[in-house]
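The file work-v7.txt comes next; it holds compact mmCIF, C-alpha atoms.
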```
# COMPACT_ATOMS: atom_id res chain seq x y z
CA MET Q 1 -5.98 -48.14 132.69
CA SER Q 2 -7.28 -44.90 131.34
CA PHE Q 3 -10.15 -42.83 132.63
CA ASN Q 4 -13.55 -43.72 131.25
CA ILE Q 5 -16.19 -41.03 131.54
CA ASN Q 6 -19.16 -43.37 131.36
CA GLU Q 7 -17.83 -45.69 134.04
CA TYR Q 8 -17.03 -42.67 136.18
CA TYR Q 9 -20.55 -41.30 135.77
CA THR Q 10 -22.21 -44.63 136.52
CA ASP Q 11 -20.07 -45.00 139.58
CA ILE Q 12 -20.66 -41.53 140.95
CA SER Q 13 -24.43 -41.60 140.51
CA LYS Q 14 -25.01 -44.67 142.64
CA GLY Q 15 -25.90 -43.12 146.00
CA ASP Q 16 -29.03 -41.38 147.25
CA ILE Q 17 -29.25 -39.08 144.23
CA LEU Q 18 -31.24 -35.87 144.09
CA LEU Q 19 -30.02 -35.06 140.64
CA ALA Q 20 -27.42 -36.37 138.22
CA TYR Q 21 -26.58 -34.80 134.88
CA LYS Q 22 -23.94 -35.10 132.22
CA GLY Q 23 -23.86 -32.98 129.09
CA SER Q 24 -23.72 -29.36 127.98
CA ILE Q 25 -23.69 -26.79 130.76
CA THR Q 26 -25.81 -23.99 129.36
CA SER Q 27 -27.64 -21.10 130.96
CA GLU Q 28 -30.96 -22.92 130.40
CA LEU Q 29 -29.61 -26.08 131.99
CA ILE Q 30 -28.60 -24.10 135.06
CA ASN Q 31 -32.15 -22.73 135.32
CA GLU Q 32 -33.62 -26.21 135.06
CA VAL Q 33 -31.27 -27.70 137.64
CA LEU Q 34 -31.92 -24.93 140.13
CA GLU Q 35 -35.65 -25.23 139.69
CA ALA Q 36 -35.61 -29.02 140.00
CA VAL Q 37 -33.48 -29.02 143.14
CA GLU Q 38 -35.52 -26.25 144.72
CA ASP Q 39 -38.72 -28.20 144.13
CA LYS Q 40 -37.25 -31.35 145.65
CA LEU Q 41 -35.96 -29.54 148.71
CA GLN Q 42 -39.31 -27.87 149.16
CA ALA Q 43 -41.06 -31.22 148.90
CA ASN Q 44 -38.68 -32.75 151.46
CA GLN Q 45 -39.31 -29.79 153.78
CA GLU Q 46 -35.61 -29.26 154.10
CA GLU Q 47 -34.55 -26.71 156.71
CA GLY Q 48 -34.36 -23.19 155.28
CA LYS Q 49 -30.72 -22.72 156.18
CA THR Q 50 -29.54 -25.90 154.43
CA ARG Q 51 -31.75 -25.16 151.47
CA LYS Q 52 -30.20 -21.74 151.00
CA LYS Q 53 -26.65 -22.97 151.40
CA LEU Q 54 -27.19 -25.79 148.94
CA TYR Q 55 -28.81 -23.41 146.47
CA ASN Q 56 -25.90 -21.00 146.74
CA VAL Q 57 -23.34 -23.76 146.31
CA LEU Q 58 -25.19 -25.05 143.26
CA VAL Q 59 -25.32 -21.61 141.67
CA GLU Q 60 -21.60 -21.04 142.18
CA SER Q 61 -20.55 -24.55 141.12
CA LEU Q 62 -22.64 -24.51 137.97
CA GLN Q 63 -21.60 -21.02 137.02
CA ASN Q 64 -17.97 -21.91 137.63
CA LEU Q 65 -18.44 -24.75 135.16
CA TYR Q 66 -20.36 -22.52 132.78
CA HIS Q 67 -17.65 -19.84 132.73
CA HIS Q 68 -14.56 -22.04 132.72
CA ILE Q 69 -15.49 -25.15 130.83
CA GLU Q 70 -13.79 -25.87 127.52
CA GLU Q 71 -16.03 -25.12 124.57
CA THR Q 72 -14.85 -28.13 122.62
CA HIS Q 73 -12.54 -31.00 123.44
CA ASP Q 74 -10.06 -31.54 120.65
CA GLY Q 75 -8.37 -34.85 121.15
CA ILE Q 76 -11.03 -36.52 123.27
CA TYR Q 77 -12.28 -39.44 121.26
CA GLU Q 78 -15.60 -39.85 122.90
CA ASP Q 79 -18.96 -38.49 122.03
CA LEU Q 80 -18.99 -35.40 124.24
CA ASP Q 81 -21.49 -32.56 124.04
CA PRO Q 82 -20.00 -29.09 123.66
CA LYS Q 83 -19.32 -27.43 127.04
CA PHE Q 84 -19.40 -30.87 128.59
CA GLY Q 85 -19.69 -31.16 132.33
CA ILE Q 86 -21.07 -33.36 135.06
CA LEU Q 87 -23.19 -32.50 138.08
CA VAL Q 88 -24.30 -34.85 140.82
CA VAL Q 89 -26.24 -33.82 143.91
CA GLU Q 90 -26.63 -36.56 146.47
CA ARG Q 91 -27.63 -36.99 150.06
CA GLU Q 92 -25.05 -38.67 152.23
CA LYS Q 93 -25.75 -41.14 155.00
CA ASN Q 94 -25.26 -38.50 157.69
CA GLY Q 95 -27.92 -36.31 156.04
CA ASP Q 96 -25.48 -33.81 154.50
CA PHE Q 97 -25.63 -33.03 150.83
CA LYS Q 98 -22.75 -33.54 148.46
CA VAL Q 99 -22.42 -31.59 145.24
CA THR Q 100 -19.93 -32.96 142.73
CA THR Q 101 -18.99 -31.25 139.50
CA GLY Q 102 -16.66 -32.65 136.89
CA ASN Q 103 -15.14 -31.49 133.65
CA PHE Q 104 -12.20 -32.07 131.36
CA VAL Q 105 -9.48 -29.48 131.80
CA VAL Q 106 -6.31 -28.89 129.85
CA SER Q 107 -3.49 -30.56 131.81
CA THR Q 108 -1.52 -27.34 132.03
CA LYS Q 109 -4.24 -25.84 134.26
CA THR Q 110 -3.89 -28.58 136.86
CA LYS Q 111 -1.23 -26.82 138.89
CA PHE Q 112 -3.19 -23.55 139.07
CA LEU Q 113 -6.39 -25.28 140.15
CA LYS Q 114 -4.67 -27.46 142.70
CA GLU Q 115 -2.85 -24.53 144.29
CA LYS Q 116 -5.99 -22.42 144.36
CA ILE Q 117 -8.11 -25.08 146.08
CA ASP Q 118 -5.33 -26.10 148.49
CA LYS Q 119 -4.92 -22.47 149.46
CA ILE Q 120 -8.65 -22.00 150.11
CA ASN Q 121 -8.80 -25.28 152.02
CA SER Q 122 -5.97 -24.15 154.28
CA LEU Q 123 -7.67 -20.95 155.41
CA SER Q 124 -9.65 -20.35 158.58
CA ARG Q 125 -13.10 -18.81 158.56
CA ASP Q 126 -11.73 -15.33 159.26
CA GLU Q 127 -9.01 -15.68 156.66
CA LEU Q 128 -11.62 -16.70 154.08
CA LYS Q 129 -13.66 -13.64 154.97
CA ASP Q 130 -10.61 -11.40 154.46
CA MET Q 131 -9.75 -13.10 151.18
CA TYR Q 132 -13.31 -12.71 149.94
CA LYS Q 133 -13.38 -9.04 150.82
CA PHE Q 134 -9.99 -8.45 149.25
CA ILE Q 135 -10.96 -10.05 145.93
CA LEU Q 136 -14.35 -8.31 146.00
CA ASN Q 137 -12.79 -4.92 146.47
CA HIS Q 138 -9.59 -5.18 144.44
CA GLN Q 139 -10.05 -7.51 141.53
CA LYS Q 140 -11.87 -6.48 138.41
CA ILE Q 141 -14.64 -8.72 137.29
CA SER Q 142 -13.56 -10.68 134.22
CA ALA Q 143 -15.49 -11.17 131.03
CA LYS Q 144 -15.97 -14.71 132.27
CA GLY Q 145 -17.89 -13.37 135.23
CA GLY Q 146 -16.82 -14.78 138.53
CA GLY Q 147 -13.53 -13.06 139.13
CA GLY Q 148 -12.30 -15.85 141.35
CA LEU Q 149 -14.81 -15.42 144.15
CA GLY Q 150 -16.86 -18.56 143.58
CA LEU Q 151 -14.74 -21.12 145.39
CA VAL Q 152 -13.98 -18.74 148.25
CA ASP Q 153 -17.67 -18.12 148.68
CA ILE Q 154 -18.41 -21.85 148.66
CA ALA Q 155 -15.76 -22.47 151.31
CA ARG Q 156 -17.13 -19.67 153.48
CA LYS Q 157 -20.72 -20.81 153.25
CA THR Q 158 -20.09 -24.50 153.82
CA GLY Q 159 -17.22 -24.27 156.30
CA LYS Q 160 -15.92 -27.55 154.83
CA LYS Q 161 -12.83 -28.54 152.90
CA MET Q 162 -13.35 -29.15 149.20
CA ILE Q 163 -12.25 -32.51 147.85
CA TYR Q 164 -10.85 -32.77 144.35
CA ASN Q 165 -9.28 -35.29 142.00
CA PHE Q 166 -7.46 -35.11 138.74
CA TYR Q 167 -7.86 -38.26 136.67
CA PRO Q 168 -5.28 -38.58 133.89
CA TYR Q 169 -7.02 -38.89 130.54
CA ASN Q 170 -4.56 -38.30 127.73
CA ASP Q 171 -1.58 -36.11 126.85
CA LYS Q 172 -3.68 -33.00 126.70
CA TYR Q 173 -6.50 -33.46 129.19
CA VAL Q 174 -7.24 -34.51 132.72
CA PHE Q 175 -10.68 -35.00 134.19
CA PHE Q 176 -11.16 -32.76 137.20
CA ASP Q 177 -13.82 -33.32 139.81
CA LEU Q 178 -14.68 -31.26 142.83
CA ALA Q 179 -16.86 -32.43 145.70
CA ILE Q 180 -18.47 -30.01 148.12
CA GLN Q 181 -20.31 -30.99 151.27
CA VAL Q 182 -23.22 -28.87 152.40
CA MET T 1 -34.54 12.61 135.26
CA GLU T 2 -36.96 9.74 134.93
CA SER T 3 -37.39 6.94 137.41
CA LEU T 4 -35.70 3.62 136.65
CA LYS T 5 -37.69 0.44 136.68
CA ILE T 6 -36.41 -3.01 135.79
CA GLU T 7 -38.77 -5.94 136.05
CA GLY T 8 -37.37 -8.97 137.88
CA THR T 9 -36.93 -12.48 136.50
CA THR T 10 -36.09 -15.82 138.15
CA LYS T 11 -32.41 -14.86 137.92
CA THR T 12 -32.48 -11.08 138.27
CA PRO T 13 -34.03 -8.77 140.85
CA ASN T 14 -36.65 -6.05 140.59
CA VAL T 15 -34.95 -2.69 140.46
CA ASN T 16 -36.93 0.42 141.18
CA PHE T 17 -35.47 3.87 141.61
CA ASP T 18 -38.18 6.37 142.43
CA VAL T 19 -36.65 9.70 141.59
CA GLU T 20 -39.43 11.69 143.32
CA LYS T 21 -38.81 10.02 146.65
CA GLY T 22 -35.11 9.27 146.26
CA THR T 23 -35.60 5.60 147.01
CA LEU T 24 -33.91 2.69 145.30
CA GLU T 25 -35.19 -0.81 145.83
CA ILE T 26 -33.37 -3.97 144.72
CA LYS T 27 -35.43 -7.00 145.52
CA GLY T 28 -35.43 -10.68 144.57
CA ARG T 29 -32.70 -12.98 143.29
CA SER T 30 -29.55 -11.86 141.61
CA ILE T 31 -27.91 -14.89 140.05
CA PRO T 32 -27.40 -14.13 136.34
CA GLU T 33 -24.43 -15.60 134.47
CA ASN T 34 -23.67 -12.15 133.10
CA SER T 35 -24.10 -9.68 135.94
CA ILE T 36 -22.26 -6.80 134.32
CA GLU T 37 -24.82 -6.69 131.56
CA PHE T 38 -27.69 -6.67 134.04
CA TYR T 39 -26.28 -4.01 136.38
CA LYS T 40 -24.95 -1.64 133.73
CA PRO T 41 -28.20 0.35 133.32
CA LEU T 42 -28.43 0.88 137.08
CA VAL T 43 -24.78 1.88 137.44
CA ASP T 44 -25.09 4.29 134.48
CA TRP T 45 -28.31 5.67 135.89
CA LEU T 46 -26.70 6.29 139.29
CA GLU T 47 -23.80 8.01 137.61
CA GLU T 48 -26.23 10.51 136.15
CA TYR T 49 -28.28 10.79 139.35
CA ALA T 50 -25.08 11.61 141.24
CA GLN T 51 -24.78 14.86 139.27
CA ALA T 52 -27.85 16.26 141.05
CA PRO T 53 -29.06 13.90 143.76
CA LEU T 54 -31.89 14.54 146.21
CA SER T 55 -30.85 15.67 149.67
CA ARG T 56 -31.65 12.17 150.92
CA THR T 57 -31.35 8.86 149.08
CA GLU T 58 -32.58 5.68 150.71
CA VAL T 59 -31.62 2.29 149.36
CA ASN T 60 -33.40 -0.94 150.23
CA VAL T 61 -31.58 -4.12 149.29
CA HIS T 62 -33.68 -7.18 149.83
CA LEU T 63 -32.08 -10.15 148.14
CA GLU T 64 -32.97 -13.77 148.65
CA TYR T 65 -29.88 -15.01 146.82
CA PHE T 66 -27.03 -13.40 144.97
CA ASN T 67 -24.10 -14.98 143.17
CA THR T 68 -20.48 -13.90 143.40
CA SER T 69 -20.58 -12.29 139.98
CA SER T 70 -23.42 -10.04 141.21
CA SER T 71 -21.51 -9.29 144.39
CA LYS T 72 -18.98 -7.20 142.45
CA CYS T 73 -21.73 -5.34 140.60
CA ILE T 74 -23.55 -4.63 143.85
CA LEU T 75 -20.29 -3.20 145.15
CA ASP T 76 -20.15 -0.95 142.07
CA VAL T 77 -23.67 0.26 142.85
CA PHE T 78 -22.66 0.98 146.45
CA LYS T 79 -19.55 2.83 145.28
CA LYS T 80 -21.73 5.19 143.27
CA LEU T 81 -23.78 5.80 146.40
CA GLU T 82 -20.63 6.33 148.41
CA ALA T 83 -19.60 9.07 145.98
CA ILE T 84 -22.95 10.80 146.53
CA HIS T 85 -22.55 10.50 150.28
CA LYS T 86 -19.04 11.91 150.05
CA ASN T 87 -20.47 15.04 148.45
CA LYS T 88 -22.38 15.67 151.69
CA TYR T 89 -25.72 14.22 150.65
CA ASP T 90 -27.62 11.98 152.98
CA VAL T 91 -27.48 8.32 151.87
CA GLN T 92 -28.76 5.32 153.78
CA ILE T 93 -28.49 1.65 152.79
CA ASN T 94 -30.92 -0.76 154.39
CA TRP T 95 -29.79 -4.38 154.01
CA TYR T 96 -32.61 -6.86 154.55
CA TYR T 97 -32.01 -10.47 155.45
CA GLU T 98 -34.36 -13.25 156.37
CA GLU T 99 -34.51 -14.61 159.87
CA ASP T 100 -31.66 -17.10 160.46
CA ASP T 101 -29.96 -16.25 157.18
CA GLU T 102 -26.57 -15.58 158.73
CA ASP T 103 -24.83 -15.76 155.35
CA MET T 104 -26.92 -12.87 154.04
CA LEU T 105 -26.33 -10.85 157.21
CA GLU T 106 -22.61 -11.47 156.92
CA ALA T 107 -22.67 -10.43 153.26
CA GLY T 108 -24.24 -7.13 154.31
CA GLU T 109 -21.60 -6.65 156.98
CA ASP T 110 -18.87 -7.26 154.40
CA TYR T 111 -20.23 -4.37 152.33
CA GLU T 112 -20.65 -2.21 155.39
CA SER T 113 -16.96 -2.65 156.19
CA ILE T 114 -15.90 -1.66 152.66
CA ILE T 115 -18.32 1.17 151.82
CA ARG T 116 -18.43 4.44 153.73
CA VAL T 117 -22.18 4.88 153.80
CA PRO T 118 -24.45 4.33 156.81
CA PHE T 119 -25.84 0.78 156.73
CA LYS T 120 -28.74 -0.67 158.62
CA MET T 121 -29.17 -4.44 158.90
CA ILE T 122 -32.84 -5.32 159.03
CA GLU T 123 -34.00 -8.80 159.92
CA ILE T 124 -37.23 -9.92 158.36
CA VAL T 125 -39.22 -12.09 160.70
CA ASP T 126 -41.95 -14.27 159.22
```
Please rewrite the model in this file as structure tokens.
Amino acid sequence: MSFNINEYYTDISKGDILLAYKGSITSELINEVLEAVEDKLQANQEEGKTRKKLYNVLVESLQNLYHHIEETHDGIYEDLDPKFGILVVEREKNGDFKVTTGNFVVSTKTKFLKEKIDKINSLSRDELKDMYKFILNHQKISAKGGGGLGLVDIARKTGKKMIYNFYPYNDKYVFFDLAIQV
Amino acid sequence: MESLKIEGTTKTPNVNFDVEKGTLEIKGRSIPENSIEFYKPLVDWLEEYAQAPLSRTEVNVHLEYFNTSSSKCILDVFKKLEAIHKNKYDVQINWYYEEDDEDMLEAGEDYESIIRVPFKMIEIVD
């Protein structure tokens, strides 16, 4: 049975949802999402600390998508917007927030992504701090922006392991999702 | 040299370098997708200022949020200041963080450990 994006989206947006989106990840969309989530958190009188962490995680997740997402998806026979991605922000039963992003990635990138996330997940708080400082000080910022700091920053700020899946789609693509608890 | 003033937006901070007083203020949010583009005028400006700086330069960084792409640009700004300090000019960086914002305090401490310029962490209490 192959991966179906619509079923996936329906399934993932079933919980206590603050925001769910699928479509083009543009700079304007990022602005709108940030504004919408900020308003909701304000209205819910969420604690300042959580609000800031969630905001930071959202910025990094969305900008990761924005910078790394495939412009077009040759070979995906579904009606996808350009720069297609998914974002779901939900509140879990224990009161934590969960931010899930999803996008199609070229299968050959799977290994790189998996190793990168596994590595970050394996590090202690102090090791993450050292890694962050090393990348900050030694790696040049790429044209794509981030320079590899985004996920490290997320891991530092949340103190939680990131959960990811690769869903086989076709010969060329897999669907990659990443869930972050805040 | 003329003062530098950049008006803030929802994604970029206010930047104000008062060349009479030798004070640089960076205040607001710094979360643009393209940080290099935003910070270039400031970095270029500092490059020129470093040729003939005032005897004392004071920098106030008061950010509510900044993204990782800004974090590298902020480091570039601090490296320009470090060069001025290295030439025996007085430079002071004041890093403001809101009460309970441990992440922002820690971010300031990260810079402090990389950049050889005196830092002061200042907690803002409501």
- Query: Near Ile114 in chain T, within 10 Å and counting all atoms listed in the file, which residues show up once chain neighbours fewer than 3 positions away are dropped, as a list in words?
  - Reply: Lys133, Phe134, Leu136 and Asn137 of chain Q; Leu75, Phe78, Lys79, Glu109, Asp110, Tyr111 and Val117 of chain T
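Each of T:Ile93, T:Ala107, T:Cys73, T:Ile31 was compared to Thr12 in chain T using only C-alpha atoms, and T:Ile31 turns out to be the nearest.
The space separating CA of Gly102 in chain Q from CA of Ile25 in chain Q comes to 11.0 Å.
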- Identify every residue of chain Q that has at least one atom within 10 Å of any atom of chain T, counting all atoms listed in the file, and report the result as number ranges by chain. Q: 26-27, 30-31, 35, 48-49, 52-53, 55-57, 59-60, 62-64, 66-67, 129-130, 132-154, 156-157
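Restricting the calculation to all atoms listed in the file, the smallest distance between Leu29 in chain Q and any of Q:Phe84, Q:Glu47, Q:Glu78, Q:Ile5 is found for Q:Phe84.
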- Protein/DNA/RNA residues near (-40.9, -5.4, 140.2), cut 10 Å, all atoms listed in the file, as a PyMOL selection string: chain T and resi 5-9+13-16+25-28
- Message: To one decimal place in Å, what is the distance between CA of Tyr89 in chain T and CA of Val77 in chain T?
- Response: 16.1 Å
- Message: Residues proximal to (-28.7, -34.2, 144.3) were defined as those with any atom within 7 Å of that point in the file's coordinates, counting only C-alpha atoms. Which are they, as a ChimeraX atom specification?
- Response: /Q:17-20,88-91,99
- Task: Please provide the set of residues having any atom within 8 Å of Leu65 in chain Q, restricted to all atoms listed in the file, with same-chain residues fewer than 5 positions apart removed, written as a list in words.
- Result: Ile25, Gly85, Thr101 and Asn103 of chain Q
Just the selected residues (C-alpha atoms), exported as an mmCIF file, in the frame of the given file, please.
```
data_model
loop_
_atom_site.group_PDB
_atom_site.id
_atom_site.type_symbol
_atom_site.label_atom_id
_atom_site.label_comp_id
_atom_site.auth_asym_id
_atom_site.auth_seq_id
_atom_site.Cartn_x
_atom_site.Cartn_y
_atom_site.Cartn_z
ATOM 1 C CA ILE Q 25 -23.690 -26.790 130.760
ATOM 2 C CA GLY Q 85 -19.690 -31.160 132.330
ATOM 3 C CA THR Q 101 -18.990 -31.250 139.500
ATOM 4 C CA ASN Q 103 -15.140 -31.490 133.650
#
```
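Using all atoms listed in the file, the shortest contact distance between Lys160 in chain Q and any of Q:Arg51, Q:Lys172, Q:Lys98, Q:Lys111 is found at Q:Lys98.
Considering the residues Q:Asn94, Q:Thr50, Q:Thr100, Q:Ser107 and counting all atoms listed in the file, Ser13 in chain Q has its shortest atom-to-atom contact with Q:Thr100.
The two atoms in question, CA of Glu70 in chain Q and CA of Tyr169 in chain Q, are spaced 15.0 Å apart.
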Mind giving me the axis-aligned box for range 25-40 of chain T with 5 Å on every side, centre plus edges in Å to one decimal, as AutoDock Vina command-line options?
```
--center_x -28.8 --center_y -8.2 --center_z 138.7 --size_x 23.2 --size_y 24.8 --size_z 24.3
```
- Message: So, with all atoms listed in the file as the atoms that count, which of Q:Ile69, Q:Ile180, Q:Ile12, Q:Ile120 lies closest to Thr158 in chain Q?
- Response: Q:Ile180
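Proximity ranking of T:Phe17, T:Trp95, T:Tyr49, T:Phe38 relative to Glu112 in chain T places T:Trp95 first, based on all atoms listed in the file.
For Gln51 in chain T, the set of protein, DNA and RNA residues having any atom at most 9 Å away, when counting only C-alpha atoms and skipping those fewer than 4 positions along the same chain, is Leu46, Glu47 and Ile84 of chain T.
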Could you write those residues out with C-alpha atoms, as a PDB file, keeping the file's coordinate frame?
```pdb
ATOM      1  CA  LEU T  46     -26.700   6.290 139.290  1.00  0.00           C
ATOM      2  CA  GLU T  47     -23.800   8.010 137.610  1.00  0.00           C
ATOM      3  CA  ILE T  84     -22.950  10.800 146.530  1.00  0.00           C
TER       4      ILE T  84
END
```
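For range 52-56 of chain T, the non-local neighbours within 10 Å, defined as residues at least 5 positions apart in the same chain or in other chains and counting all atoms listed in the file, are Met1, Val19, Glu20, Lys21, Gly22, Thr23, Leu46, Glu47, Ile84, His85, Asn87, Lys88, Tyr89, Asp90, Val91 and Gln92 of chain T.
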Filled-in N, CA and C atoms of range 64-78 of chain T, supplied as a tab-separated table (two decimals), keeping the file's coordinate frame:
```tsv
chain	number	residue	atom	x	y	z
T	64	GLU	N	-32.82	-12.41	148.12
T	64	GLU	CA	-32.97	-13.77	148.65
T	64	GLU	C	-31.69	-14.55	148.40
T	65	TYR	N	-31.15	-14.41	147.20
T	65	TYR	CA	-29.88	-15.01	146.82
T	65	TYR	C	-29.13	-14.04	145.94
T	66	PHE	N	-27.81	-14.05	146.04
T	66	PHE	CA	-27.03	-13.40	144.97
T	66	PHE	C	-25.75	-14.18	144.75
T	67	ASN	N	-25.31	-14.22	143.49
T	67	ASN	CA	-24.10	-14.98	143.17
T	67	ASN	C	-22.88	-14.08	143.28
T	68	THR	N	-21.70	-14.69	143.20
T	68	THR	CA	-20.48	-13.90	143.40
T	68	THR	C	-20.26	-12.91	142.25
T	69	SER	N	-20.78	-13.24	141.07
T	69	SER	CA	-20.58	-12.29	139.98
T	69	SER	C	-21.44	-11.04	140.22
T	70	SER	N	-22.62	-11.21	140.82
T	70	SER	CA	-23.42	-10.04	141.21
T	70	SER	C	-22.77	-9.26	142.34
T	71	SER	N	-22.03	-9.96	143.20
T	71	SER	CA	-21.51	-9.29	144.39
T	71	SER	C	-20.59	-8.13	144.01
T	72	LYS	N	-19.85	-8.29	142.91
T	72	LYS	CA	-18.98	-7.20	142.45
T	72	LYS	C	-19.81	-6.05	141.89
T	73	CYS	N	-20.88	-6.39	141.18
T	73	CYS	CA	-21.73	-5.34	140.60
T	73	CYS	C	-22.47	-4.58	141.70
T	74	ILE	N	-22.89	-5.29	142.73
T	74	ILE	CA	-23.55	-4.63	143.85
T	74	ILE	C	-22.57	-3.66	144.52
T	75	LEU	N	-21.31	-4.09	144.61
T	75	LEU	CA	-20.29	-3.20	145.15
T	75	LEU	C	-20.16	-1.94	144.29
T	76	ASP	N	-20.22	-2.12	142.97
T	76	ASP	CA	-20.15	-0.95	142.07
T	76	ASP	C	-21.31	0.01	142.33
T	77	VAL	N	-22.49	-0.55	142.54
T	77	VAL	CA	-23.67	0.26	142.85
T	77	VAL	C	-23.42	1.04	144.15
T	78	PHE	N	-22.91	0.34	145.16
T	78	PHE	CA	-22.66	0.98	146.45
T	78	PHE	C	-21.57	2.06	146.34
```
